[in-house]
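Next up, coords16.pdb (PDB, C-alpha atoms and all ligand atoms):
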ATOM      1  CA  MET A  68     -51.496 -38.166 -27.292
ATOM      2  CA  ARG A  69     -49.765 -41.346 -28.520
ATOM      3  CA  ILE A  70     -49.092 -41.256 -32.232
ATOM      4  CA  VAL A  71     -47.080 -42.925 -34.965
ATOM      5  CA  PHE A  72     -45.704 -41.013 -37.964
ATOM      6  CA  LEU A  73     -45.523 -43.212 -41.051
ATOM      7  CA  GLY A  74     -43.976 -42.150 -44.331
ATOM      8  CA  ALA A  75     -41.115 -42.557 -46.751
ATOM      9  CA  PRO A  76     -37.631 -41.181 -46.059
ATOM     10  CA  GLY A  77     -37.755 -37.418 -46.561
ATOM     11  CA  SER A  78     -41.530 -37.120 -46.167
ATOM     12  CA  GLY A  79     -41.081 -34.690 -43.256
ATOM     13  CA  LYS A  80     -41.772 -36.910 -40.235
ATOM     14  CA  GLY A  81     -38.810 -35.611 -38.252
ATOM     15  CA  THR A  82     -39.417 -31.971 -39.157
ATOM     16  CA  GLN A  83     -43.092 -32.073 -38.177
ATOM     17  CA  SER A  84     -42.302 -34.056 -35.012
ATOM     18  CA  GLN A  85     -40.016 -31.249 -33.887
ATOM     19  CA  ARG A  86     -42.828 -28.733 -34.481
ATOM     20  CA  LEU A  87     -45.389 -30.810 -32.561
ATOM     21  CA  VAL A  88     -43.024 -31.379 -29.645
ATOM     22  CA  GLU A  89     -42.874 -27.620 -29.183
ATOM     23  CA  ARG A  90     -46.656 -27.241 -29.415
ATOM     24  CA  HIS A  91     -47.829 -30.247 -27.375
ATOM     25  CA  GLY A  92     -44.984 -30.831 -24.910
ATOM     26  CA  ILE A  93     -44.634 -34.549 -25.651
ATOM     27  CA  PRO A  94     -41.354 -36.171 -26.724
ATOM     28  CA  GLN A  95     -40.373 -37.221 -30.229
ATOM     29  CA  VAL A  96     -39.097 -40.786 -30.179
ATOM     30  CA  SER A  97     -37.126 -41.261 -33.393
ATOM     31  CA  THR A  98     -35.538 -44.681 -33.807
ATOM     32  CA  GLY A  99     -33.231 -43.142 -36.432
ATOM     33  CA  ASP A 100     -31.999 -40.551 -33.895
ATOM     34  CA  LEU A 101     -31.625 -43.199 -31.162
ATOM     35  CA  LEU A 102     -29.568 -45.356 -33.534
ATOM     36  CA  ARG A 103     -27.417 -42.405 -34.652
ATOM     37  CA  ALA A 104     -26.719 -41.616 -30.959
ATOM     38  CA  HIS A 105     -25.515 -45.214 -30.463
ATOM     39  CA  VAL A 106     -23.284 -44.898 -33.548
ATOM     40  CA  ARG A 107     -21.879 -41.569 -32.304
ATOM     41  CA  ASP A 108     -21.223 -42.997 -28.808
ATOM     42  CA  GLY A 109     -19.554 -46.093 -30.274
ATOM     43  CA  THR A 110     -21.735 -48.576 -28.355
ATOM     44  CA  GLU A 111     -21.869 -52.231 -29.348
ATOM     45  CA  LEU A 112     -25.397 -51.667 -30.732
ATOM     46  CA  GLY A 113     -24.126 -48.665 -32.686
ATOM     47  CA  ARG A 114     -21.268 -50.634 -34.208
ATOM     48  CA  ARG A 115     -23.714 -53.335 -35.372
ATOM     49  CA  ALA A 116     -26.240 -50.789 -36.686
ATOM     50  CA  LYS A 117     -23.838 -48.532 -38.602
ATOM     51  CA  SER A 118     -23.150 -50.768 -41.581
ATOM     52  CA  VAL A 119     -26.856 -51.651 -41.874
ATOM     53  CA  MET A 120     -27.888 -47.978 -41.837
ATOM     54  CA  ASP A 121     -25.149 -46.921 -44.256
ATOM     55  CA  ALA A 122     -26.438 -49.575 -46.684
ATOM     56  CA  GLY A 123     -29.996 -48.220 -46.429
ATOM     57  CA  GLN A 124     -31.305 -51.423 -44.863
ATOM     58  CA  LEU A 125     -33.329 -51.894 -41.677
ATOM     59  CA  VAL A 126     -31.831 -52.767 -38.304
ATOM     60  CA  ASP A 127     -33.280 -56.038 -36.943
ATOM     61  CA  ASP A 128     -36.675 -55.946 -35.219
ATOM     62  CA  ALA A 129     -35.506 -57.327 -31.841
ATOM     63  CA  THR A 130     -32.883 -54.584 -31.453
ATOM     64  CA  ILE A 131     -35.355 -51.868 -32.402
ATOM     65  CA  LEU A 132     -38.127 -53.151 -30.114
ATOM     66  CA  GLY A 133     -35.714 -53.376 -27.170
ATOM     67  CA  MET A 134     -34.540 -49.817 -27.765
ATOM     68  CA  VAL A 135     -38.107 -48.461 -28.010
ATOM     69  CA  ARG A 136     -39.283 -50.364 -24.911
ATOM     70  CA  GLU A 137     -36.488 -48.779 -22.905
ATOM     71  CA  ARG A 138     -37.191 -45.277 -24.287
ATOM     72  CA  LEU A 139     -40.959 -45.430 -23.638
ATOM     73  CA  ALA A 140     -40.294 -46.378 -19.999
ATOM     74  CA  ALA A 141     -38.667 -42.958 -19.416
ATOM     75  CA  PRO A 142     -40.795 -40.542 -17.332
ATOM     76  CA  ASP A 143     -41.237 -37.970 -20.127
ATOM     77  CA  ALA A 144     -43.133 -40.526 -22.245
ATOM     78  CA  ALA A 145     -45.840 -41.032 -19.608
ATOM     79  CA  ARG A 146     -47.971 -38.157 -21.016
ATOM     80  CA  GLY A 147     -47.670 -39.321 -24.622
ATOM     81  CA  PHE A 148     -45.181 -39.495 -27.477
ATOM     82  CA  ILE A 149     -44.629 -39.180 -31.190
ATOM     83  CA  LEU A 150     -43.074 -42.289 -32.701
ATOM     84  CA  ASP A 151     -41.079 -41.066 -35.697
ATOM     85  CA  GLY A 152     -39.825 -43.762 -38.074
ATOM     86  CA  PHE A 153     -41.076 -46.600 -35.893
ATOM     87  CA  PRO A 154     -42.647 -49.076 -36.468
ATOM     88  CA  ARG A 155     -41.237 -49.915 -39.893
ATOM     89  CA  THR A 156     -42.175 -53.568 -40.278
ATOM     90  CA  VAL A 157     -45.265 -55.593 -39.405
ATOM     91  CA  PRO A 158     -43.440 -57.458 -36.568
ATOM     92  CA  GLN A 159     -42.427 -54.071 -35.096
ATOM     93  CA  ALA A 160     -46.059 -52.864 -35.289
ATOM     94  CA  GLU A 161     -47.265 -56.033 -33.580
ATOM     95  CA  GLY A 162     -44.573 -55.680 -30.916
ATOM     96  CA  LEU A 163     -45.587 -52.072 -30.258
ATOM     97  CA  GLU A 164     -49.257 -53.042 -30.028
ATOM     98  CA  GLN A 165     -48.442 -55.672 -27.383
ATOM     99  CA  MET A 166     -46.138 -53.299 -25.495
ATOM    100  CA  LEU A 167     -48.831 -50.595 -25.284
ATOM    101  CA  ALA A 168     -51.641 -53.071 -24.480
ATOM    102  CA  ALA A 169     -49.585 -54.313 -21.520
ATOM    103  CA  ILE A 170     -49.545 -50.818 -20.004
ATOM    104  CA  GLY A 171     -53.126 -49.979 -21.029
ATOM    105  CA  GLN A 172     -52.037 -47.080 -23.274
ATOM    106  CA  PRO A 173     -53.054 -47.840 -26.872
ATOM    107  CA  LEU A 174     -52.177 -45.635 -29.828
ATOM    108  CA  ASP A 175     -54.491 -42.748 -30.719
ATOM    109  CA  ALA A 176     -53.502 -42.509 -34.397
ATOM    110  CA  ALA A 177     -51.013 -43.401 -37.117
ATOM    111  CA  VAL A 178     -50.456 -40.535 -39.555
ATOM    112  CA  LEU A 179     -49.277 -41.302 -43.084
ATOM    113  CA  PHE A 180     -47.227 -38.527 -44.733
ATOM    114  CA  ASP A 181     -47.968 -38.607 -48.453
ATOM    115  CA  VAL A 182     -45.275 -37.077 -50.742
ATOM    116  CA  ASP A 183     -44.416 -37.619 -54.413
ATOM    117  CA  SER A 184     -41.187 -39.638 -54.843
ATOM    118  CA  GLU A 185     -39.363 -37.001 -56.945
ATOM    119  CA  LEU A 186     -39.893 -34.446 -54.216
ATOM    120  CA  LEU A 187     -38.607 -36.939 -51.604
ATOM    121  CA  VAL A 188     -35.272 -37.223 -53.413
ATOM    122  CA  LYS A 189     -34.973 -33.435 -53.688
ATOM    123  CA  ARG A 190     -35.740 -32.955 -49.998
ATOM    124  CA  ILE A 191     -33.255 -35.618 -48.878
ATOM    125  CA  SER A 192     -30.452 -34.342 -51.096
ATOM    126  CA  GLY A 193     -30.837 -30.867 -49.542
ATOM    127  CA  ARG A 194     -31.171 -31.979 -45.930
ATOM    128  CA  ARG A 195     -28.652 -30.686 -43.391
ATOM    129  CA  THR A 196     -28.805 -31.411 -39.654
ATOM    130  CA  CYS A 197     -27.291 -29.352 -36.853
ATOM    131  CA  GLN A 198     -24.758 -31.641 -35.216
ATOM    132  CA  ASP A 199     -25.236 -29.860 -31.898
ATOM    133  CA  CYS A 200     -29.005 -29.659 -31.386
ATOM    134  CA  GLY A 201     -30.322 -32.062 -34.050
ATOM    135  CA  ARG A 202     -32.565 -29.506 -35.768
ATOM    136  CA  VAL A 203     -33.239 -30.293 -39.409
ATOM    137  CA  PHE A 204     -32.835 -27.766 -42.246
ATOM    138  CA  ASN A 205     -32.827 -27.902 -46.026
ATOM    139  CA  VAL A 206     -30.592 -25.987 -48.409
ATOM    140  CA  HIS A 207     -33.393 -25.917 -51.022
ATOM    141  CA  THR A 208     -36.591 -25.588 -48.994
ATOM    142  CA  ALA A 209     -35.875 -24.659 -45.381
ATOM    143  CA  PRO A 210     -32.544 -22.847 -45.221
ATOM    144  CA  PRO A 211     -31.163 -22.045 -41.792
ATOM    145  CA  PRO A 212     -31.006 -18.384 -40.833
ATOM    146  CA  SER A 213     -27.574 -17.102 -41.657
ATOM    147  CA  PRO A 214     -25.797 -16.794 -39.187
ATOM    148  CA  PRO A 215     -26.512 -18.439 -36.795
ATOM    149  CA  PRO A 216     -28.472 -21.637 -37.489
ATOM    150  CA  CYS A 217     -30.849 -22.864 -34.788
ATOM    151  CA  GLY A 218     -31.912 -19.331 -33.943
ATOM    152  CA  GLY A 219     -28.855 -18.938 -31.727
ATOM    153  CA  GLN A 220     -29.610 -22.015 -29.587
ATOM    154  CA  CYS A 221     -26.292 -23.647 -30.363
ATOM    155  CA  GLU A 222     -22.990 -22.126 -29.420
ATOM    156  CA  THR A 223     -21.028 -23.879 -32.141
ATOM    157  CA  PRO A 224     -23.582 -24.863 -34.778
ATOM    158  CA  ARG A 225     -22.344 -27.225 -37.454
ATOM    159  CA  LEU A 226     -24.581 -28.391 -40.283
ATOM    160  CA  VAL A 227     -23.825 -31.865 -41.590
ATOM    161  CA  GLN A 228     -25.198 -34.216 -44.235
ATOM    162  CA  ARG A 229     -26.221 -37.704 -43.057
ATOM    163  CA  PRO A 230     -24.037 -40.536 -44.433
ATOM    164  CA  ASP A 231     -27.159 -42.416 -45.615
ATOM    165  CA  ASP A 232     -28.340 -39.404 -47.660
ATOM    166  CA  LYS A 233     -26.058 -40.303 -50.602
ATOM    167  CA  GLU A 234     -28.025 -40.785 -53.824
ATOM    168  CA  GLU A 235     -27.562 -44.574 -54.194
ATOM    169  CA  THR A 236     -28.409 -45.200 -50.514
ATOM    170  CA  VAL A 237     -31.519 -43.050 -50.776
ATOM    171  CA  ALA A 238     -32.747 -45.180 -53.706
ATOM    172  CA  ARG A 239     -32.311 -48.320 -51.586
ATOM    173  CA  ARG A 240     -34.079 -46.724 -48.586
ATOM    174  CA  LEU A 241     -37.053 -45.858 -50.787
ATOM    175  CA  GLU A 242     -37.239 -49.469 -52.033
ATOM    176  CA  VAL A 243     -37.028 -50.811 -48.480
ATOM    177  CA  TYR A 244     -39.836 -48.446 -47.478
ATOM    178  CA  GLU A 245     -42.098 -49.778 -50.250
ATOM    179  CA  GLU A 246     -41.310 -53.428 -49.464
ATOM    180  CA  GLN A 247     -41.286 -53.462 -45.674
ATOM    181  CA  THR A 248     -43.008 -50.357 -44.319
ATOM    182  CA  ARG A 249     -45.805 -49.634 -46.811
ATOM    183  CA  PRO A 250     -47.756 -52.734 -45.542
ATOM    184  CA  LEU A 251     -48.271 -50.851 -42.256
ATOM    185  CA  VAL A 252     -50.783 -48.617 -44.034
ATOM    186  CA  GLY A 253     -53.166 -51.586 -44.215
ATOM    187  CA  PHE A 254     -52.231 -52.670 -40.689
ATOM    188  CA  TYR A 255     -53.347 -49.352 -39.170
ATOM    189  CA  GLU A 256     -56.280 -48.930 -41.562
ATOM    190  CA  GLN A 257     -57.721 -52.236 -40.320
ATOM    191  CA  ARG A 258     -57.504 -50.939 -36.755
ATOM    192  CA  GLY A 259     -59.248 -47.659 -37.609
ATOM    193  CA  LEU A 260     -56.153 -45.635 -36.630
ATOM    194  CA  LEU A 261     -54.902 -44.429 -40.021
ATOM    195  CA  ARG A 262     -54.988 -40.734 -40.930
ATOM    196  CA  SER A 263     -53.391 -39.672 -44.240
ATOM    197  CA  ILE A 264     -52.147 -36.174 -44.918
ATOM    198  CA  ASP A 265     -50.875 -34.460 -48.038
ATOM    199  CA  ALA A 266     -47.330 -33.676 -46.815
ATOM    200  CA  GLU A 267     -46.382 -31.472 -49.800
ATOM    201  CA  GLY A 268     -46.513 -27.723 -49.303
ATOM    202  CA  ASP A 269     -44.694 -25.399 -46.933
ATOM    203  CA  LEU A 270     -44.002 -26.320 -43.309
ATOM    204  CA  PRO A 271     -46.877 -24.365 -41.673
ATOM    205  CA  THR A 272     -49.365 -25.727 -44.233
ATOM    206  CA  VAL A 273     -48.339 -29.318 -43.516
ATOM    207  CA  THR A 274     -48.420 -28.658 -39.747
ATOM    208  CA  ALA A 275     -51.996 -27.320 -40.087
ATOM    209  CA  ARG A 276     -53.049 -30.457 -42.004
ATOM    210  CA  LEU A 277     -51.412 -32.594 -39.340
ATOM    211  CA  GLU A 278     -53.172 -30.799 -36.491
ATOM    212  CA  ALA A 279     -56.497 -31.176 -38.343
ATOM    213  CA  ALA A 280     -55.876 -34.908 -38.842
ATOM    214  CA  LEU A 281     -55.114 -35.316 -35.127
ATOM    215  CA  ALA A 282     -58.075 -33.270 -33.872
ATOM    216  CA  PRO A 283     -60.576 -35.332 -31.858
ATOM    217  CA  ARG A 284     -63.297 -36.771 -34.083
ATOM    218  CA  GLY A 285     -66.807 -36.017 -32.935
TER     219      GLY A 285
HETATM  220  P1  LIG A 301     -34.556 -42.426 -40.022
HETATM  221  O1  LIG A 301     -33.646 -41.468 -39.383
HETATM  222  O2  LIG A 301     -35.835 -42.765 -39.364
HETATM  223  O3  LIG A 301     -34.789 -41.925 -41.507
HETATM  224  P2  LIG A 301     -36.075 -42.045 -42.494
HETATM  225  O4  LIG A 301     -37.293 -42.702 -41.996
HETATM  226  O5  LIG A 301     -35.469 -42.619 -43.692
HETATM  227  O6  LIG A 301     -36.599 -40.661 -42.545
HETATM  228  P3  LIG A 301     -35.827 -39.394 -42.805
HETATM  229  O7  LIG A 301     -35.180 -38.906 -41.536
HETATM  230  O8  LIG A 301     -34.939 -39.563 -44.014
HETATM  231  O9  LIG A 301     -36.993 -38.436 -43.273
HETATM  232  P4  LIG A 301     -38.107 -37.624 -42.518
HETATM  233  O10 LIG A 301     -39.435 -38.110 -42.954
HETATM  234  O11 LIG A 301     -37.865 -37.523 -41.036
HETATM  235  O12 LIG A 301     -37.865 -36.216 -43.212
HETATM  236  P5  LIG A 301     -37.281 -34.832 -42.621
HETATM  237  O13 LIG A 301     -38.256 -34.237 -41.660
HETATM  238  O14 LIG A 301     -35.866 -34.987 -42.170
HETATM  239  O15 LIG A 301     -33.802 -43.817 -40.280
HETATM  240  C1  LIG A 301     -32.467 -43.889 -40.754
HETATM  241  C2  LIG A 301     -32.028 -45.355 -40.782
HETATM  242  O16 LIG A 301     -32.045 -45.909 -39.446
HETATM  243  C3  LIG A 301     -32.922 -46.303 -41.585
HETATM  244  O17 LIG A 301     -32.589 -46.314 -42.952
HETATM  245  C4  LIG A 301     -32.629 -47.645 -40.896
HETATM  246  O18 LIG A 301     -31.393 -48.186 -41.312
HETATM  247  C5  LIG A 301     -32.509 -47.259 -39.436
HETATM  248  N1  LIG A 301     -33.808 -47.316 -38.731
HETATM  249  C6  LIG A 301     -34.480 -46.256 -38.188
HETATM  250  N2  LIG A 301     -35.636 -46.668 -37.615
HETATM  251  C7  LIG A 301     -35.695 -48.013 -37.825
HETATM  252  C8  LIG A 301     -36.670 -48.997 -37.494
HETATM  253  N3  LIG A 301     -37.805 -48.668 -36.857
HETATM  254  N4  LIG A 301     -36.434 -50.275 -37.874
HETATM  255  C9  LIG A 301     -35.278 -50.617 -38.520
HETATM  256  N5  LIG A 301     -34.320 -49.724 -38.859
HETATM  257  C10 LIG A 301     -34.529 -48.437 -38.521
HETATM  258  O19 LIG A 301     -37.341 -33.956 -43.959
HETATM  259  C11 LIG A 301     -36.452 -34.193 -45.021
HETATM  260  C12 LIG A 301     -35.946 -32.844 -45.579
HETATM  261  O20 LIG A 301     -37.041 -32.140 -46.187
HETATM  262  C13 LIG A 301     -35.380 -31.892 -44.512
HETATM  263  O21 LIG A 301     -34.264 -31.239 -45.023
HETATM  264  C14 LIG A 301     -36.517 -30.873 -44.235
HETATM  265  O22 LIG A 301     -36.009 -29.612 -43.880
HETATM  266  C15 LIG A 301     -37.244 -30.865 -45.584
HETATM  267  N6  LIG A 301     -38.686 -30.684 -45.434
HETATM  268  C16 LIG A 301     -39.523 -31.374 -44.588
HETATM  269  N7  LIG A 301     -40.779 -30.968 -44.726
HETATM  270  C17 LIG A 301     -40.764 -30.004 -45.715
HETATM  271  C18 LIG A 301     -41.793 -29.208 -46.332
HETATM  272  N8  LIG A 301     -43.089 -29.308 -45.966
HETATM  273  N9  LIG A 301     -41.428 -28.353 -47.292
HETATM  274  C19 LIG A 301     -40.132 -28.240 -47.664
HETATM  275  N10 LIG A 301     -39.116 -28.945 -47.122
HETATM  276  C20 LIG A 301     -39.430 -29.843 -46.156
END

Kindly transcribe the structure held in the file into structure tokens.
Ligand code: AP5
Amino acid sequence: MRIVFLGAPGSGKGTQSQRLVERHGIPQVSTGDLLRAHVRDGTELGRRAKSVMDAGQLVDDATILGMVRERLAAPDAARGFILDGFPRTVPQAEGLEQMLAAIGQPLDAAVLFDVDSELLVKRISGRRTCQDCGRVFNVHTAPPPSPPPCGGQCETPRLVQRPDDKEETVARRLEVYEEQTRPLVGFYEQRGLLRSIDAEGDLPTVTARLEAALAPRG
């Protein structure tokens, strides 16, 4: 299964990716997570990306495409993948299409997560991520078990708020989504790959809608 998750910041792409990874045994490829790893490791790419991410803007297409090309060449992506937060611009979508055509492995679907904008802001403001294992929680809607978070997976769990989850940055990220990423809805619709889901509701309900949207069509 080769799929793209499309949707505004806070729509639940990362959360549902983590649930599907467990169920289907294919990796989640999150460009946001890859970039945050570069920032954490202090690489040259990370130093360039940090100020762009902190401002709620998009990192340039060439950097992102290079990073994704390298990640998809890893052995664990041979059986499929979930692209979470990529592509985000039409040039990125075109680049991905060419990349996958070259290896004869086209996308199966692009799923659009549909969530009301007020709820997006609430979800993002409550988001906390485990710095050790990367699992995502929410102080309002998906609180971690107390103690320990991560169901005991992490020895020293620490929940942190992302630097780009500040209110003014979130507003900018939502604008950037509308301007630069929303056009991908038409891009994938034209190719017959678009599936939209109502991504409001509790986690299992949204997962069930997602699984139904991804079920083979007869
Ligand atoms: P990225 O990390 O991709 O962030 P994003 O797309 O803005 O998405 P989010 O991670 O904010 O939201 P999500 O949809 O994954 O929601 P989540 O599951 O966490 O990108 C960060 C930055 O990196 C970008 O701004 C950009 O600068 C750069 N970047 C990344 N990719 C790029 C690219 N391709 N090109 C250029 N630049 C790029 O859920 C949110 C919260 O809600 C959580 O707390 C969760 O617990 C909760 N929640 C989720 N689902 C539910 C539910 N059903 N009910 C209740 N609570 C829920």

The PyMOL selection byres (((chain A and resi 154) around 12) and not hetatm) applied to the shown file, residues as a PyMOL selection string: chain A and resi 70-74+96-99+125-129+131-132+134-135+149-153+155-164+177-178+244+247-252+254-255

For a quick check of your reading of the model, name the residues lying within 7 Å of the coordinate (-47.8, -38.4, -50.3), counting only C-alpha atoms, and write them as a PyMOL selection string. chain A and resi 180-183+265-266

Using only the atoms of ligand LIG 301 (chain A) listed in the file, plus 6 Å on each side, state the axis-aligned box centre and edge lengths in Å rounded to one decimal, as JSON.
{"center_x": -37.2, "center_y": -39.4, "center_z": -42.3, "size_x": 23.7, "size_y": 34.4, "size_z": 22.8}

Using all atoms listed in the file, the shortest atom-to-atom distance to ligand LIG 301 (chain A) among A:Met166, A:Leu260, A:Ala75, A:Ala238 belongs to A:Ala75

Return the single residue from A:Thr130, A:Gln165, A:Asn205, A:Gln172 that is closest to ligand LIG 301 (chain A), with distances computed using only C-alpha atoms and all ligand atoms. A:Asn205

Hey, which of A:Gln124, A:Ser184, A:Gln85, A:Ser192 ends up closest to ligand LIG 301 (chain A)? Count only C-alpha atoms and all ligand atoms.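 Of A:Gln124, A:Ser184, A:Gln85, A:Ser192, the one nearest ligand LIG 301 (chain A) is A:Gln124, counting only C-alpha atoms and all ligand atoms.
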
Using all atoms listed in the file: which of A:Met120, A:Pro271, A:His91, A:Arg202 has the shortest distance to His105 (chain A): A:Met120

Can you list, as a PyMOL selection string, the residues that the PyMOL selection byres (((chain A and resi 235) around 12) and not hetatm) selects here? chain A and resi 121-123+188+191-192+230-234+236-242

Using the selection just defined, write its residues with C-alpha atoms as a JSON list (two decimals), in the coordinates of the input.
[["chain", "number", "residue", "atom", "x", "y", "z"],
["A", 121, "ASP", "CA", -25.15, -46.92, -44.26],
["A", 122, "ALA", "CA", -26.44, -49.58, -46.68],
["A", 123, "GLY", "CA", -30.00, -48.22, -46.43],
["A", 188, "VAL", "CA", -35.27, -37.22, -53.41],
["A", 191, "ILE", "CA", -33.26, -35.62, -48.88],
["A", 192, "SER", "CA", -30.45, -34.34, -51.10],
["A", 230, "PRO", "CA", -24.04, -40.54, -44.43],
["A", 231, "ASP", "CA", -27.16, -42.42, -45.62],
["A", 232, "ASP", "CA", -28.34, -39.40, -47.66],
["A", 233, "LYS", "CA", -26.06, -40.30, -50.60],
["A", 234, "GLU", "CA", -28.02, -40.78, -53.82],
["A", 236, "THR", "CA", -28.41, -45.20, -50.51],
["A", 237, "VAL", "CA", -31.52, -43.05, -50.78],
["A", 238, "ALA", "CA", -32.75, -45.18, -53.71],
["A", 239, "ARG", "CA", -32.31, -48.32, -51.59],
["A", 240, "ARG", "CA", -34.08, -46.72, -48.59],
["A", 241, "LEU", "CA", -37.05, -45.86, -50.79],
["A", 242, "GLU", "CA", -37.24, -49.47, -52.03]]

Report, in Å to a single decimal, how far apart CA of Arg229 (chain A) and CA of Gly77 (chain A) are. 12.1 Å

Ligand LIG 301 (chain A) proximity check over A:Asp100, A:Asp143, A:Asp108, A:Glu256, using only C-alpha atoms and all ligand atoms: winner is A:Asp100

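You will find atom N8 of ligand LIG 301 (chain A) at 10.8 Å from CA of Gly81 (chain A).
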
Find, counting only C-alpha atoms, the residue in A:Ala104, A:Met68, A:Arg146, A:Ser84 that gets nearest to Val203 (chain A). A:Ser84

One number please: atom C6 of ligand LIG 301 (chain A) to CA of Ala282 (chain A), in Å, one decimal.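 Rounded to one decimal, the two atoms are 27.3 Å apart.
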